[in-house]
Amino acid sequence: MKLWGGRFTKDTNTLVDNFNASITFDKRFWREDIEGSIAHITMLAKQGIISNEEKDIMKDALIQIAEDIETGKLEISDDSEDIHSFIEAVLTERTGEPGKKLHTGRSRNDQVALDMKLYVRKQITETDNLLKELLKTIHGIMKDNTETYMPGFTHLQKAQPVTLAHHMGAYFEMFKRDRLRLADTYKRMNTCPLGAGALAGTTYPLDRDYSATLLGFDAATDNSMDSVSDRDYIVELLNALSIIMMHLSRFSEEIILWNSNEYRFVEIDDAYSTGSSIMPQKKNPDIAELVRGKTGRVYGALISMLTTLKGLPLAYNKDMQEDKELTFDAIDTVKDCIKLFDGMLATIRFNRLRMEESAKSGFTNATDAADYLVNHGVAFRDAHAIVGRLVLFCIDKNISLDDMTLEEYKAISPVFEEDIFENISMKTCVDRRNTKGAPGRDAMQAVIKQNEKYLFD
Ligand code: ARG
């Protein structure tokens with residue numbers, strides 16, 4: 001039975017029914033639909049629009065329906081057009097007359113707007129919790145690796161020495177901003193559309209602010225047409241999710257590089273790697289690659305949503321039903337990716353010696369050797385040229401600056417003394433960089449302390 005069958009004299013074409021229906025995907029927010037209905041009837045009773053007795057009958061039945069769906073006793077049938085019709089039909093079947101009053105002063109337009117907001121709110125919280133867990137993993141790696149030296153790169157060329165703690169700290173900042181973006185989306189979307197009706201409010205004396213309070217919103221929305229056609233918060237959510245994926249994808253790319261034979265900075269745990277069906281030696285970073293790859297479908301969701309909304313006249317249009325599948329897919333994908341990535345990162349092994357070796361062999365301390373000369377009275381331009389000659393010498397002999405003898409140093413510039421070695425050690429190079437945000441021990445400890453507070457206070 002269709003909710004809107006009254007005006008029609010002929011059945012709809014089956015293909016039309018299938019094309020039109022949303023039950024196969026909107027059944028996922030049955031909880032939110034019931035939660036919204038309970039708030040709605042509670043408000044209707046308070047306003048005297050339905051009796052308290054009718055409200056109690058419906059409320060008990062709705063709670064029972066939720067329990068039955070939860071336990072599998074009641075199966076959501078795909079024969080209904082959408083989850084709203086399904087719940088209302090079951091309620092009416094179970095309660096008779098009172099159930100027929102559920103939809104008083106409500107349209108599916110404000111109902112679906114409400115359900116989606118309730119669902120998205122929960123998903124924002126869940127995604128945020130996963131991000132927080134990921135940040136804890138990153139924080140643990142940072143604490144353990146303030147003296148794990150590695151090359152910092154620009155143009156993917158070794159540039160200056162940093163530490164693994166510092167490199168990880170960059171990702172900490174990214175995911176911290178992602179949490180802020182989610183919180184911001186939540187804050188802006190947290191107004192209640194219930195009671196906006198189809199588009200123009202209703203003639204019943206609804207108390208919309210009361211419904212909003214019952215459902216944990218900051219307020220009821222201010223314009224009924226906007227209430228049923230606003231999907232900005234979905235665009236904002238998909239934007240926030242896309243940026244999370246962009247960050248995960250960059251991180252994945254580094255893990256893939258670091259796990260390669262050429263780098264060997266890390267080894268991904270067996271539990272998070274896969275093999276090849278033909279090449280026995282292979283251990284592939286599939287999880288990182290999949291996370292990188294799935295970024296595409298999340299970006300796709302954002303562009304699809306923007307495109308669907310473009311040019312839509314006010315107020316509700318059926319186009320808006322397209323918001324669901326792509327949003328659900330993006331949310332599921334991002335949550336899975338954060339979880340999997342977190343697990344992979346938590347079990348990864350860092351090859352510390354190899355990282356430090358790589359920093360040395362890449363002349364990342366060349367700037368510090370030049371600084372040494374400048375501190376001994378040599379002009380920077382001359383120091384630059386002298387260190388250039390040191391580097392050439394090392395390349396020729398296939399050694400690093402740390403491996404040269406003092407005699408070899410002196411042959412290029414007599415200014416060098418025994419203390420050059422300490423001055424260009426990775427530890428010294430890093431520890432001297434103590435400006436706020438730099439990898440030096442003191443600067444890094446300050447950040448770690450701040451992150452500790454952020455995560456655990
Ligand atoms: N399934 C619909 C959606 O997702 C529910 C709203 C239906 N409203 C309507 N006027 N047909 O948008």
# chains A, B, ... in the order shown; residues from 1 in each chain; ligands from 1

$ closest_atom_pairs --of "segment 157-256 of chain A" --to "segment 331-350 of chain A" --cutoff "8 Å" --atoms "only C-alpha atoms" --output "CSV"
residue,atom,partner,partner_atom,distance
A:Leu241,CA,A:Val334,CA,6.7
A:Ile244,CA,A:Val334,CA,7.8
A:Met245,CA,A:Val334,CA,6.9
A:Leu248,CA,A:Ile338,CA,7.7

$ closest_atom_pairs --of "chain A" --to "ligand 1" --cutoff "9 Å" --atoms "only C-alpha atoms and all ligand atoms" --output "CSV"
residue,atom,partner,partner_atom_place_in_ligand_line,distance
A:Asn20,CA,ligand 1,1 (N),8.0
A:Ala21,CA,ligand 1,1 (N),6.8
A:Ser22,CA,ligand 1,1 (N),5.2
A:Ile23,CA,ligand 1,1 (N),7.6
A:Asp26,CA,ligand 1,4 (O),7.2
A:Glu81,CA,ligand 1,1 (N),7.6
A:Asp82,CA,ligand 1,1 (N),5.7
A:Ile83,CA,ligand 1,1 (N),7.9
A:His84,CA,ligand 1,5 (C),7.6
A:Ser107,CA,ligand 1,8 (N),7.4
A:Arg108,CA,ligand 1,6 (C),4.8
A:Asn109,CA,ligand 1,6 (C),4.8
A:Asp110,CA,ligand 1,6 (C),8.0
A:Gln111,CA,ligand 1,6 (C),7.4
A:Val112,CA,ligand 1,5 (C),5.4
A:Ala113,CA,ligand 1,12 (O),7.8
A:Met116,CA,ligand 1,4 (O),8.7
A:Ala198,CA,ligand 1,10 (N),7.3
A:Tyr316,CA,ligand 1,10 (N),7.0
A:Asn317,CA,ligand 1,10 (N),7.2
A:Lys318,CA,ligand 1,12 (O),5.7
A:Asp319,CA,ligand 1,12 (O),7.4
A:Met320,CA,ligand 1,12 (O),5.3
A:Gln321,CA,ligand 1,4 (O),3.7
A:Glu322,CA,ligand 1,4 (O),7.1
A:Asp323,CA,ligand 1,4 (O),7.6
A:Lys324,CA,ligand 1,4 (O),7.0

$ atom_distance --atom1 "atom CA of Thr146 of chain A" --atom2 "atom CA of Ala443 of chain A"
10.4 Å

$ residues_around --residues "segment 53-63 of chain A" --least-positions-apart "2" --cutoff "8 Å" --atoms "only C-alpha atoms" --output "list in words"
Ile34, Ile38, Ile41, Thr42, Ala45, Ile50, Ser51, Ile65, Ala66, Glu67, Leu91, Arg94, Thr95, Pro98, Gly99 and Leu102 of chain A

$ closest_residue --among "A:Lys132, A:Lys449, A:Arg432, A:His166" --to "Leu180 of chain A" --atoms "only C-alpha atoms"
A:Lys132

$ residues_around --residues "Asp419 of chain A" --least-positions-apart "5" --cutoff "10 Å" --atoms "only C-alpha atoms" --output "list of chain:residue names"
A:Tyr372, A:Leu406, A:Ile424

$ write_last_selection --atoms "N, CA, C and O atoms" --output "compact mmCIF listing (two decimals), in the first residue's frame"
# COMPACT_ATOMS: atom_id res chain seq x y z
N TYR A 372 79.07 25.58 10.28
CA TYR A 372 80.29 25.45 11.10
C TYR A 372 81.35 26.44 10.62
O TYR A 372 81.96 27.17 11.41
N LEU A 406 89.89 13.90 9.52
CA LEU A 406 90.16 15.32 9.75
C LEU A 406 91.17 15.85 8.72
O LEU A 406 91.04 16.98 8.23
N ILE A 424 78.48 17.96 12.98
CA ILE A 424 77.62 17.50 11.87
C ILE A 424 76.95 16.16 12.18
O ILE A 424 76.37 15.53 11.30

$ select_by_dssp --residues "segment 33-244 of chain A" --states "helix (DSSP H, G or I)" --output "VMD selection string"
chain A and resid 33 to 46 52 to 71 83 to 95 97 to 101 108 to 144 164 to 189 208 to 214 224 to 229 232 to 244

$ atom_distance --atom1 "atom CA of Cys192 of chain A" --atom2 "atom CA of Ala212 of chain A"
5.3 Å

$ closest_atom_pairs --of "segment 170-240 of chain A" --to "segment 290-306 of chain A" --cutoff "12 Å" --atoms "only C-alpha atoms" --output "tab-separated table"
residue	atom	partner	partner_atom	distance
A:Arg231	CA	A:Met305	CA	8.8
A:Asp232	CA	A:Leu306	CA	9.1
A:Tyr233	CA	A:Met305	CA	10.9
A:Ile234	CA	A:Met305	CA	8.0
A:Val235	CA	A:Leu302	CA	6.3
A:Glu236	CA	A:Leu302	CA	8.7
A:Leu237	CA	A:Leu302	CA	8.7
A:Leu238	CA	A:Leu302	CA	5.2
A:Asn239	CA	A:Leu302	CA	6.3
A:Ala240	CA	A:Leu302	CA	9.6

$ closest_residue --among "A:Gly169, A:Gly36, A:Pro151, A:Gly48" --to "Ala359 of chain A" --atoms "only C-alpha atoms"
A:Pro151

$ residues_around --residues "Ile399 of chain A" --least-positions-apart "5" --cutoff "12 Å" --atoms "only C-alpha atoms" --output "VMD selection string"
chain A and resid 357 to 358 360 to 363 390 to 394 404 to 405

$ residues_around --residues "Asp128 of chain A" --least-positions-apart "5" --cutoff "10 Å" --atoms "only C-alpha atoms" --output "MDAnalysis selection string"
chainID A and resid 122:123 133:134 175:176 178:183 335
